[in-house]
Structure formats: structure tokens, C-alpha cells
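Colleague: I am sharing structure-v9.cif, which consists of mmCIF, C-alpha atoms:
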data_input
loop_
_atom_site.label_atom_id
_atom_site.label_comp_id
_atom_site.auth_asym_id
_atom_site.auth_seq_id
_atom_site.Cartn_x
_atom_site.Cartn_y
_atom_site.Cartn_z
CA MET A 1213 8.43 5.40 -10.21
CA LEU A 1214 6.87 4.34 -6.93
CA VAL A 1215 3.11 4.76 -6.50
CA ILE A 1216 2.00 4.44 -2.89
CA LEU A 1217 -1.61 3.60 -2.03
CA SER A 1218 -2.69 4.31 1.54
CA GLY A 1219 -5.96 4.22 3.39
CA VAL A 1220 -7.49 2.47 6.32
CA SER A 1221 -7.80 -1.30 6.34
CA GLY A 1222 -10.72 -2.12 4.06
CA ALA A 1223 -10.33 0.95 1.83
CA GLY A 1224 -9.72 -1.26 -1.22
CA LYS A 1225 -5.95 -0.93 -1.64
CA ASP A 1226 -5.30 -4.57 -2.58
CA THR A 1227 -8.24 -4.75 -4.98
CA ILE A 1228 -7.17 -1.58 -6.76
CA LYS A 1229 -3.54 -2.69 -6.87
CA ARG A 1230 -4.55 -6.00 -8.51
CA GLU A 1231 -6.65 -4.14 -11.10
CA LEU A 1232 -3.81 -1.74 -11.96
CA ILE A 1233 -1.36 -4.62 -12.44
CA LYS A 1234 -3.86 -6.50 -14.59
CA ARG A 1235 -4.63 -3.48 -16.81
CA MET A 1236 -1.26 -1.71 -17.13
CA ASP A 1237 1.77 -3.28 -18.81
CA ASN A 1238 4.60 -1.61 -16.90
CA VAL A 1239 2.99 -1.76 -13.43
CA ILE A 1240 4.01 -4.34 -10.83
CA THR A 1241 4.04 -4.67 -7.07
CA ILE A 1242 6.49 -6.05 -4.58
CA ALA A 1243 5.49 -8.17 -1.65
CA SER A 1244 5.68 -6.74 1.85
CA TYR A 1245 7.12 -8.75 4.70
CA THR A 1246 4.82 -9.67 7.57
CA ASP A 1247 4.70 -11.93 10.58
CA ARG A 1248 0.94 -12.37 10.43
CA PRO A 1249 -0.46 -15.79 9.49
CA LYS A 1250 -1.40 -16.38 5.87
CA ARG A 1251 -5.12 -15.94 5.24
CA GLU A 1252 -7.24 -17.80 2.75
CA GLY A 1253 -6.92 -15.99 -0.58
CA ASP A 1254 -3.52 -14.42 0.18
CA SER A 1255 -0.93 -14.85 -2.53
CA SER A 1256 2.85 -14.82 -2.43
CA SER A 1257 2.78 -11.66 -4.54
CA GLN A 1258 1.17 -9.86 -1.57
CA TYR A 1259 3.36 -10.94 1.33
CA ASN A 1260 6.54 -12.71 2.27
CA TYR A 1261 5.57 -14.54 5.44
CA VAL A 1262 8.17 -14.72 8.18
CA THR A 1263 8.11 -15.39 11.90
CA LYS A 1264 8.13 -12.56 14.42
CA ALA A 1265 11.73 -13.44 15.29
CA GLU A 1266 12.75 -13.34 11.60
CA PHE A 1267 11.05 -9.96 11.15
CA GLU A 1268 12.78 -8.55 14.22
CA LYS A 1269 16.10 -9.82 12.85
CA MET A 1270 15.38 -7.91 9.60
CA ILE A 1271 14.83 -4.76 11.69
CA GLU A 1272 18.04 -5.39 13.62
CA ASN A 1273 19.99 -5.90 10.36
CA ASP A 1274 18.55 -2.68 8.83
CA GLU A 1275 17.01 -4.62 5.92
CA LEU A 1276 13.78 -2.59 5.78
CA TYR A 1277 13.02 0.87 4.43
CA GLU A 1278 9.97 1.10 6.61
CA TYR A 1279 7.99 -1.09 8.93
CA SER A 1280 5.12 -0.75 11.34
CA VAL A 1281 2.91 -2.75 13.63
CA HIS A 1282 -0.72 -2.98 12.57
CA HIS A 1283 -3.30 -5.02 14.37
CA ASN A 1284 -0.54 -6.66 16.41
CA HIS A 1285 1.54 -7.77 13.40
CA TYR A 1286 4.65 -6.41 11.70
CA TYR A 1287 4.55 -5.20 8.08
CA GLY A 1288 7.52 -3.81 6.18
CA THR A 1289 9.26 -3.05 2.89
CA SER A 1290 12.53 -4.77 2.03
CA LYS A 1291 15.33 -2.46 0.90
CA LYS A 1292 16.83 -5.06 -1.43
CA LEU A 1293 13.53 -6.01 -3.04
CA LEU A 1294 12.48 -2.39 -3.62
CA ASN A 1295 15.91 -1.28 -4.89
CA ASP A 1296 16.19 -4.21 -7.31
CA THR A 1297 12.71 -3.54 -8.69
CA ILE A 1298 13.31 0.20 -9.10
CA LYS A 1299 16.46 -0.59 -11.10
CA GLU A 1300 14.31 -2.60 -13.54
CA GLY A 1301 12.52 0.63 -14.50
CA LYS A 1302 9.06 -0.64 -13.64
CA ILE A 1303 6.26 1.36 -12.04
CA ILE A 1304 5.82 -0.11 -8.58
CA VAL A 1305 2.41 0.13 -6.91
CA LYS A 1306 2.68 -0.56 -3.20
CA ASP A 1307 0.21 -0.23 -0.35
CA ILE A 1308 1.88 1.34 2.65
CA ASP A 1309 0.47 2.88 5.82
CA VAL A 1310 0.55 6.64 6.47
CA ASN A 1311 3.69 6.53 8.62
CA GLY A 1312 5.64 4.41 6.15
CA THR A 1313 4.56 6.70 3.33
CA GLU A 1314 5.99 9.77 5.05
CA HIS A 1315 9.26 7.94 5.64
CA LEU A 1316 9.61 6.67 2.04
CA VAL A 1317 8.76 10.06 0.52
CA GLU A 1318 11.50 11.63 2.61
CA LEU A 1319 14.02 8.89 1.78
CA PHE A 1320 13.41 8.91 -1.98
CA LYS A 1321 12.62 12.58 -2.61
CA ASN A 1322 15.83 13.22 -4.54
CA ASP A 1323 16.28 9.83 -6.22
CA VAL A 1324 12.96 8.24 -7.17
CA LYS A 1325 9.68 9.77 -8.29
CA VAL A 1326 7.13 8.93 -5.60
CA VAL A 1327 3.40 9.51 -6.16
CA THR A 1328 1.18 9.19 -3.09
CA ILE A 1329 -2.53 8.38 -3.26
CA TYR A 1330 -4.85 8.17 -0.26
CA LEU A 1331 -8.07 6.17 -0.66
CA ARG A 1332 -10.92 7.55 1.41
CA VAL A 1333 -13.88 5.52 2.53
CA PRO A 1334 -16.63 6.71 4.90
CA LYS A 1335 -16.35 5.05 8.31
CA GLU A 1336 -19.75 3.33 8.03
CA VAL A 1337 -18.83 1.88 4.60
CA LEU A 1338 -15.51 0.73 6.00
CA LYS A 1339 -17.28 -1.08 8.84
CA GLN A 1340 -19.54 -2.85 6.32
CA ARG A 1341 -16.56 -3.88 4.15
CA LEU A 1342 -14.73 -5.31 7.15
CA GLU A 1343 -17.82 -7.21 8.29
CA ASN A 1344 -18.39 -8.63 4.79
CA ARG A 1345 -14.81 -9.75 4.10
CA GLU A 1346 -14.24 -13.39 3.19
CA ASP A 1347 -11.66 -13.62 5.99
CA LYS A 1348 -14.17 -11.94 8.30
CA PRO A 1349 -12.33 -10.41 11.25
CA ASP A 1350 -13.88 -10.79 14.67
CA PHE A 1351 -15.54 -7.88 16.51
CA LYS A 1352 -12.35 -7.02 18.42
CA GLU A 1353 -10.33 -6.88 15.17
CA ILE A 1354 -12.95 -4.69 13.46
CA LYS A 1355 -12.95 -2.30 16.42
CA LEU A 1356 -9.14 -2.14 16.37
CA ARG A 1357 -9.17 -1.23 12.67
CA LEU A 1358 -11.93 1.36 13.06
CA ASN A 1359 -10.07 2.99 15.96
CA ARG A 1360 -7.20 3.79 13.59
CA PHE A 1361 -9.55 5.53 11.13
CA ASP A 1362 -9.27 9.07 12.55
CA TYR A 1363 -5.48 8.91 12.86
CA GLU A 1364 -5.03 7.82 9.25
CA GLU A 1365 -7.55 10.38 7.98
CA SER A 1366 -5.59 13.11 9.80
CA LYS A 1367 -2.64 12.42 7.45
CA ILE A 1368 -4.40 12.99 4.10
CA GLY A 1369 -2.82 16.43 3.73
CA ASN A 1370 0.52 14.66 3.12
CA TYR A 1371 -0.74 12.97 -0.06
CA ASP A 1372 -0.47 14.10 -3.68
CA TYR A 1373 -3.96 12.75 -4.42
CA VAL A 1374 -6.97 11.90 -2.26
CA ILE A 1375 -9.65 9.78 -3.92
CA LYS A 1376 -13.01 8.75 -2.51
CA ASN A 1377 -13.18 5.04 -3.26
CA ASN A 1378 -16.90 4.40 -3.56
CA ASP A 1379 -16.84 3.02 -7.13
CA LEU A 1380 -14.10 0.55 -8.01
CA GLU A 1381 -14.11 1.12 -11.77
CA LYS A 1382 -14.10 4.90 -11.44
CA THR A 1383 -11.30 4.78 -8.84
CA VAL A 1384 -9.17 2.48 -11.00
CA GLN A 1385 -9.68 4.73 -14.06
CA ILE A 1386 -8.68 7.83 -12.06
CA ILE A 1387 -5.55 6.15 -10.69
CA MET A 1388 -4.58 4.85 -14.14
CA ALA A 1389 -4.81 8.43 -15.46
CA ILE A 1390 -2.71 9.69 -12.53
CA ILE A 1391 -0.03 7.05 -13.15
CA ASN A 1392 0.09 7.81 -16.89
CA ASN A 1393 0.31 11.56 -16.33
CA GLU A 1394 2.91 11.34 -13.56
CA TYR A 1395 4.98 8.90 -15.61
CA LYS A 1396 4.92 11.26 -18.61
CA LEU A 1397 5.91 14.19 -16.40
CA GLY A 1398 8.80 12.29 -14.86
CA ASN A 1399 10.12 10.72 -18.04
CA ASN A 1400 8.89 12.99 -20.82
CA THR A 1401 7.55 9.87 -22.55
CA GLU A 1402 4.33 7.99 -22.97
CA PHE A 1403 3.75 4.39 -22.10
#
As a first step, turn the structure in this file into C-alpha cells.

Modeller:
Amino acid sequence: MLVILSGVSGAGKDTIKRELIKRMDNVITIASYTDRPKREGDSSSQYNYVTKAEFEKMIENDELYEYSVHHNHYYGTSKKLLNDTIKEGKIIVKDIDVNGTEHLVELFKNDVKVVTIYLRVPKEVLKQRLENREDKPDFKEIKLRLNRFDYEESKIGNYDYVIKNNDLEKTVQIIMAIINNEYKLGNNTEF
């Protein structure tokens, strides 16, 4: 099963993903590929760092299920990495943008159970989160991320679940319940 978390930058996707992995036995993530520089606090479980030329070669070689450019950097999902992990029977939690989500849902609709969750955050809260990040983006970067807010919010109708992420513990509990229920529905078992 593939669980996709989407939401604007700063919506809490990485934090929630880490909590789900920590609290649930059968839940893992796979690293995305990116050409952006590694930030303080980034781990190799989050990203595989490559150069822009290497990323473009991956595109050329059709090695990615989806990719996009966000804030002037490439991000994408490796076909091999995702396929190998799905074969292991794990529940994969992955943060993917709204365009990549649409593409993966369409690709996997007949083969893999995909559950999509959109994390909503009010624009003013988002601005505060971005300004208070440890890797504090500059004003231009914050503006770039806020400009994408309306576009991403316009896509929430494509998601199975939309959750207002204003309380981390509550959000994690809700998503854990969703994962458990969807897993039971798809496999007729409990875990």
C-alpha cells in the first residue's frame, strides 16, 4: 500500500511521516531524488542527492515515476526504488506534490492500493512555520512557497482525505487510524 501525503511546503509532511514510521511497525518511506543541496538536519532516508545533470539523465532514461520542479529544484520518485519496496509488502508513506500524486494514482490504480491525504494549513500559519524553520528560508524563498499555496489548495478535491494539520498529535492519530482501516480494507487483515 502506498500512502501519499501532500500539502504546501511547511504543512508538516516530513514531521508526520517520521512519527508514522516511528509508531507503526510495517510503515516505511523511500527517499526521493533531488538536485537541491543538502540542508542541516536532512537525512539520507529523506533524499538521494544528485546533481542537476544526474537528475536530468534519470528523466532521459525514464527512471522516475514522477518528478517536478519546486522552488527551482528537481524532486522525483525512482521507479526501481518504489517497485522494490512495494514487493516487500510494506506500507510506504511518501510525501509527493499534487501533480505527482495525480500521476501516481493514475499509474497504480489497478495494481497498488494508493491512499491520498492532503494536509491543510492556514496560509498565515504556513508563513509562520516557514519563518521559524531551523533552515530558515530567505524572504524570496518564503514568497515563492506562499505563491504556490492557492494552486495546491485547488487540488484538494482529488484526495481521499483532507486533514487540517493544526495539532501534530491529533493529525498523527487520525492518519494512523486511516492507514489501519485502509490496510484492513485492502487486505482483509489487521496489523

Colleague: Sorted by chain and rising residue number, which residues of range 1322-1374 of chain A lie within 12 Å of range 1292-1301 of chain A, and what are their closest atom pairs and distances in Å to one decimal, counting all atoms listed in the file, as a Markdown table?

Modeller:
| residue | atom | partner | partner_atom | distance |
| --- | --- | --- | --- | --- |
| A:Asp1323 | CA | A:Ile1298 | CA | 10.5 |
| A:Val1324 | CA | A:Ile1298 | CA | 8.3 |
| A:Lys1325 | CA | A:Ile1298 | CA | 10.3 |
| A:Val1326 | CA | A:Ile1298 | CA | 11.3 |

Colleague: On this structure, the PyMOL selection byres ((chain A and resi 1353) around 12) would catch which residues? List them as a list in words, sorted by chain and number.

Modeller: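 After applying the PyMOL selection byres ((chain A and resi 1353) around 12), what remains is Ser1221, His1282, His1283, Asn1284, Lys1339, Leu1342, Glu1343, Asp1347, Lys1348, Pro1349, Asp1350, Phe1351, Lys1352, Ile1354, Lys1355, Leu1356, Arg1357, Leu1358, Asn1359 and Arg1360 of chain A.
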
Colleague: For Asn1238 in chain A, which residue among A:Lys1302, A:Val1333, A:Asp1274, A:Lys1269 is the nearest when counting only C-alpha atoms?

Modeller: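 Between A:Lys1302, A:Val1333, A:Asp1274, A:Lys1269, the residue approaching Asn1238 in chain A most closely is A:Lys1302.
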
Colleague: Pull out every residue that the PyMOL selection byres ((chain A and resi 1385-1395) around 9) matches in the shown coordinates and put them as a PyMOL selection string.

Modeller: chain A and resi 1213+1215+1228+1232+1235-1236+1303+1325+1327+1329+1373+1375+1380-1384+1396-1403

Colleague: Specify as number ranges by chain each residue included when the PyMOL selection byres ((chain A and resi 1268) around 12) is applied to this file.

Modeller: A: 1245-1247, 1262-1267, 1269-1276, 1279-1281, 1285-1288

Colleague: Just C-alpha atoms for this one: save the residues we selected as a PDB file, keeping the file's coordinate frame.

Modeller:
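out-v7.pdb written:
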ATOM      1  CA  TYR A1245       7.120  -8.750   4.700  1.00  0.00           C
ATOM      2  CA  THR A1246       4.820  -9.670   7.570  1.00  0.00           C
ATOM      3  CA  ASP A1247       4.700 -11.930  10.580  1.00  0.00           C
ATOM      4  CA  VAL A1262       8.170 -14.720   8.180  1.00  0.00           C
ATOM      5  CA  THR A1263       8.110 -15.390  11.900  1.00  0.00           C
ATOM      6  CA  LYS A1264       8.130 -12.560  14.420  1.00  0.00           C
ATOM      7  CA  ALA A1265      11.730 -13.440  15.290  1.00  0.00           C
ATOM      8  CA  GLU A1266      12.750 -13.340  11.600  1.00  0.00           C
ATOM      9  CA  PHE A1267      11.050  -9.960  11.150  1.00  0.00           C
ATOM     10  CA  LYS A1269      16.100  -9.820  12.850  1.00  0.00           C
ATOM     11  CA  MET A1270      15.380  -7.910   9.600  1.00  0.00           C
ATOM     12  CA  ILE A1271      14.830  -4.760  11.690  1.00  0.00           C
ATOM     13  CA  GLU A1272      18.040  -5.390  13.620  1.00  0.00           C
ATOM     14  CA  ASN A1273      19.990  -5.900  10.360  1.00  0.00           C
ATOM     15  CA  ASP A1274      18.550  -2.680   8.830  1.00  0.00           C
ATOM     16  CA  GLU A1275      17.010  -4.620   5.920  1.00  0.00           C
ATOM     17  CA  LEU A1276      13.780  -2.590   5.780  1.00  0.00           C
ATOM     18  CA  TYR A1279       7.990  -1.090   8.930  1.00  0.00           C
ATOM     19  CA  SER A1280       5.120  -0.750  11.340  1.00  0.00           C
ATOM     20  CA  VAL A1281       2.910  -2.750  13.630  1.00  0.00           C
ATOM     21  CA  HIS A1285       1.540  -7.770  13.400  1.00  0.00           C
ATOM     22  CA  TYR A1286       4.650  -6.410  11.700  1.00  0.00           C
ATOM     23  CA  TYR A1287       4.550  -5.200   8.080  1.00  0.00           C
ATOM     24  CA  GLY A1288       7.520  -3.810   6.180  1.00  0.00           C
TER      25      GLY A1288
END

Colleague: Do you know which residues are at most 10 Å from Asn1378 in chain A counting all atoms listed in the file, after dropping those on the same chain fewer than 5 positions away, and could you put them as a PDB file with C-alpha atoms, keeping the file's coordinate frame?

Modeller:
ATOM      1  CA  ALA A1223     -10.330   0.950   1.830  1.00  0.00           C
ATOM      2  CA  GLY A1224      -9.720  -1.260  -1.220  1.00  0.00           C
ATOM      3  CA  LEU A1331      -8.070   6.170  -0.660  1.00  0.00           C
ATOM      4  CA  ARG A1332     -10.920   7.550   1.410  1.00  0.00           C
ATOM      5  CA  VAL A1333     -13.880   5.520   2.530  1.00  0.00           C
ATOM      6  CA  PRO A1334     -16.630   6.710   4.900  1.00  0.00           C
ATOM      7  CA  VAL A1337     -18.830   1.880   4.600  1.00  0.00           C
ATOM      8  CA  THR A1383     -11.300   4.780  -8.840  1.00  0.00           C
TER       9      THR A1383
END

Colleague: Let me make sure I understand: among A:Glu1365, A:Glu1318, A:Asp1237, A:Glu1336, which one has the smallest atom-to-atom distance to Gly1219 in chain A if we use all atoms listed in the file?

Modeller: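 So, comparing all the options, the nearest one is A:Glu1365.
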
Colleague: Just the number, please: distance in Å from CA of Ile1240 in chain A to CA of Gly1253 in chain A, one decimal.

Modeller: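 That distance, rounded to one decimal, is 19.0 Å.
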
Colleague: Using only C-alpha atoms, which residues sit within 10 Å of Ala1243 in chain A once same-chain residues fewer than 3 positions away are excluded, as JSON, numbers by chain?

Modeller: {"A": [1246, 1255, 1256, 1257, 1258, 1259, 1260, 1261, 1288, 1289, 1290, 1293, 1294, 1306, 1307]}

Colleague: Grab the residues selected above and save them as a PDB file, in the coordinates of the input with C-alpha atoms.

Modeller:
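As written to disk, part_4.pdb reads:
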ATOM      1  CA  THR A1246       4.820  -9.670   7.570  1.00  0.00           C
ATOM      2  CA  SER A1255      -0.930 -14.850  -2.530  1.00  0.00           C
ATOM      3  CA  SER A1256       2.850 -14.820  -2.430  1.00  0.00           C
ATOM      4  CA  SER A1257       2.780 -11.660  -4.540  1.00  0.00           C
ATOM      5  CA  GLN A1258       1.170  -9.860  -1.570  1.00  0.00           C
ATOM      6  CA  TYR A1259       3.360 -10.940   1.330  1.00  0.00           C
ATOM      7  CA  ASN A1260       6.540 -12.710   2.270  1.00  0.00           C
ATOM      8  CA  TYR A1261       5.570 -14.540   5.440  1.00  0.00           C
ATOM      9  CA  GLY A1288       7.520  -3.810   6.180  1.00  0.00           C
ATOM     10  CA  THR A1289       9.260  -3.050   2.890  1.00  0.00           C
ATOM     11  CA  SER A1290      12.530  -4.770   2.030  1.00  0.00           C
ATOM     12  CA  LEU A1293      13.530  -6.010  -3.040  1.00  0.00           C
ATOM     13  CA  LEU A1294      12.480  -2.390  -3.620  1.00  0.00           C
ATOM     14  CA  LYS A1306       2.680  -0.560  -3.200  1.00  0.00           C
ATOM     15  CA  ASP A1307       0.210  -0.230  -0.350  1.00  0.00           C
TER      16      ASP A1307
END

Colleague: Which of these, A:Ile1233, A:Glu1252, A:Lys1291, A:Asp1372, has the shortest distance to Phe1320 in chain A once you count only C-alpha atoms?

Modeller: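 Answer, going by the shortest atom-to-atom distance: A:Lys1291.
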
Colleague: Measuring atom to atom with all atoms listed in the file, identify which of A:Gly1222, A:Ile1304, A:Glu1278, A:Lys1321 is nearest to Phe1361 in chain A.

Modeller: A:Gly1222

Colleague: Considering all atoms listed in the file, state which residue in the set A:Asp1379, A:Lys1367, A:Val1220, A:Lys1234 is at the smallest distance from Thr1313 in chain A.

Modeller: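 Among A:Asp1379, A:Lys1367, A:Val1220, A:Lys1234, it is A:Lys1367 that comes nearest to Thr1313 in chain A.
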
Colleague: In Å, rounded to a single decimal, give me how far CA of Glu1314 in chain A is from CA of Tyr1363 in chain A.

Modeller: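 About the pair CA of Tyr1363 in chain A and CA of Glu1314 in chain A: they are 13.9 Å apart.
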
Colleague: What does the distance between CA of Val1305 in chain A and CA of Ser1366 in chain A come to in Å, to one decimal place?

Modeller: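 Computed distance, CA of Val1305 in chain A to CA of Ser1366 in chain A, equals 22.6 Å.
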
Colleague: Quick one: range 1316-1377 of chain A with C-alpha atoms, as a PDB file, in the first residue's frame?

Modeller:
ATOM      1  CA  LEU A1316       0.878   8.044  -9.368  1.00  0.00           C
ATOM      2  CA  VAL A1317      -2.801   7.435  -8.600  1.00  0.00           C
ATOM      3  CA  GLU A1318      -3.454   7.018 -12.307  1.00  0.00           C
ATOM      4  CA  LEU A1319      -0.423   4.757 -12.822  1.00  0.00           C
ATOM      5  CA  PHE A1320      -1.141   2.451  -9.879  1.00  0.00           C
ATOM      6  CA  LYS A1321      -4.951   2.434  -9.818  1.00  0.00           C
ATOM      7  CA  ASN A1322      -5.221  -1.195 -10.926  1.00  0.00           C
ATOM      8  CA  ASP A1323      -2.110  -2.626  -9.256  1.00  0.00           C
ATOM      9  CA  VAL A1324      -1.382  -0.984  -5.908  1.00  0.00           C
ATOM     10  CA  LYS A1325      -3.687   0.415  -3.255  1.00  0.00           C
ATOM     11  CA  VAL A1326      -2.974   4.147  -3.071  1.00  0.00           C
ATOM     12  CA  VAL A1327      -4.362   6.295  -0.239  1.00  0.00           C
ATOM     13  CA  THR A1328      -4.033  10.053  -0.668  1.00  0.00           C
ATOM     14  CA  ILE A1329      -4.016  12.510   2.231  1.00  0.00           C
ATOM     15  CA  TYR A1330      -3.813  16.282   1.881  1.00  0.00           C
ATOM     16  CA  LEU A1331      -2.586  18.267   4.899  1.00  0.00           C
ATOM     17  CA  ARG A1332      -4.172  21.687   5.151  1.00  0.00           C
ATOM     18  CA  VAL A1333      -2.629  24.591   6.972  1.00  0.00           C
ATOM     19  CA  PRO A1334      -3.967  28.173   7.002  1.00  0.00           C
ATOM     20  CA  LYS A1335      -1.781  30.496   4.925  1.00  0.00           C
ATOM     21  CA  GLU A1336      -0.835  32.676   7.921  1.00  0.00           C
ATOM     22  CA  VAL A1337       0.228  29.596   9.947  1.00  0.00           C
ATOM     23  CA  LEU A1338       2.216  28.363   6.974  1.00  0.00           C
ATOM     24  CA  LYS A1339       4.044  31.687   6.759  1.00  0.00           C
ATOM     25  CA  GLN A1340       4.927  31.464  10.474  1.00  0.00           C
ATOM     26  CA  ARG A1341       6.181  27.874  10.105  1.00  0.00           C
ATOM     27  CA  LEU A1342       8.387  28.822   7.174  1.00  0.00           C
ATOM     28  CA  GLU A1343       9.792  31.833   9.032  1.00  0.00           C
ATOM     29  CA  ASN A1344      10.510  29.723  12.138  1.00  0.00           C
ATOM     30  CA  ARG A1345      12.211  26.786  10.388  1.00  0.00           C
ATOM     31  CA  GLU A1346      15.702  25.843  11.506  1.00  0.00           C
ATOM     32  CA  ASP A1347      16.867  26.104   7.888  1.00  0.00           C
ATOM     33  CA  LYS A1348      15.102  29.455   7.663  1.00  0.00           C
ATOM     34  CA  PRO A1349      14.439  30.286   4.023  1.00  0.00           C
ATOM     35  CA  ASP A1350      15.016  33.847   2.902  1.00  0.00           C
ATOM     36  CA  PHE A1351      12.146  36.237   2.087  1.00  0.00           C
ATOM     37  CA  LYS A1352      12.246  35.401  -1.626  1.00  0.00           C
ATOM     38  CA  GLU A1353      12.019  31.651  -0.890  1.00  0.00           C
ATOM     39  CA  ILE A1354       9.109  32.154   1.535  1.00  0.00           C
ATOM     40  CA  LYS A1355       7.255  34.241  -1.050  1.00  0.00           C
ATOM     41  CA  LEU A1356       7.854  31.573  -3.708  1.00  0.00           C
ATOM     42  CA  ARG A1357       6.399  28.888  -1.428  1.00  0.00           C
ATOM     43  CA  LEU A1358       3.403  31.004  -0.417  1.00  0.00           C
ATOM     44  CA  ASN A1359       2.635  31.771  -4.071  1.00  0.00           C
ATOM     45  CA  ARG A1360       2.075  28.058  -4.682  1.00  0.00           C
ATOM     46  CA  PHE A1361      -0.456  27.843  -1.826  1.00  0.00           C
ATOM     47  CA  ASP A1362      -3.607  28.584  -3.861  1.00  0.00           C
ATOM     48  CA  TYR A1363      -2.654  26.208  -6.666  1.00  0.00           C
ATOM     49  CA  GLU A1364      -2.060  23.311  -4.287  1.00  0.00           C
ATOM     50  CA  GLU A1365      -5.235  24.055  -2.319  1.00  0.00           C
ATOM     51  CA  SER A1366      -7.205  23.945  -5.587  1.00  0.00           C
ATOM     52  CA  LYS A1367      -6.308  20.231  -5.892  1.00  0.00           C
ATOM     53  CA  ILE A1368      -7.724  19.001  -2.562  1.00  0.00           C
ATOM     54  CA  GLY A1369     -10.791  17.548  -4.279  1.00  0.00           C
ATOM     55  CA  ASN A1370      -8.505  14.859  -5.753  1.00  0.00           C
ATOM     56  CA  TYR A1371      -7.609  13.465  -2.318  1.00  0.00           C
ATOM     57  CA  ASP A1372      -9.200  10.625  -0.358  1.00  0.00           C
ATOM     58  CA  TYR A1373      -8.708  12.530   2.911  1.00  0.00           C
ATOM     59  CA  VAL A1374      -8.149  16.190   3.780  1.00  0.00           C
ATOM     60  CA  ILE A1375      -6.889  16.887   7.291  1.00  0.00           C
ATOM     61  CA  LYS A1376      -6.353  20.249   8.945  1.00  0.00           C
ATOM     62  CA  ASN A1377      -2.908  19.932  10.495  1.00  0.00           C
TER      63      ASN A1377
END
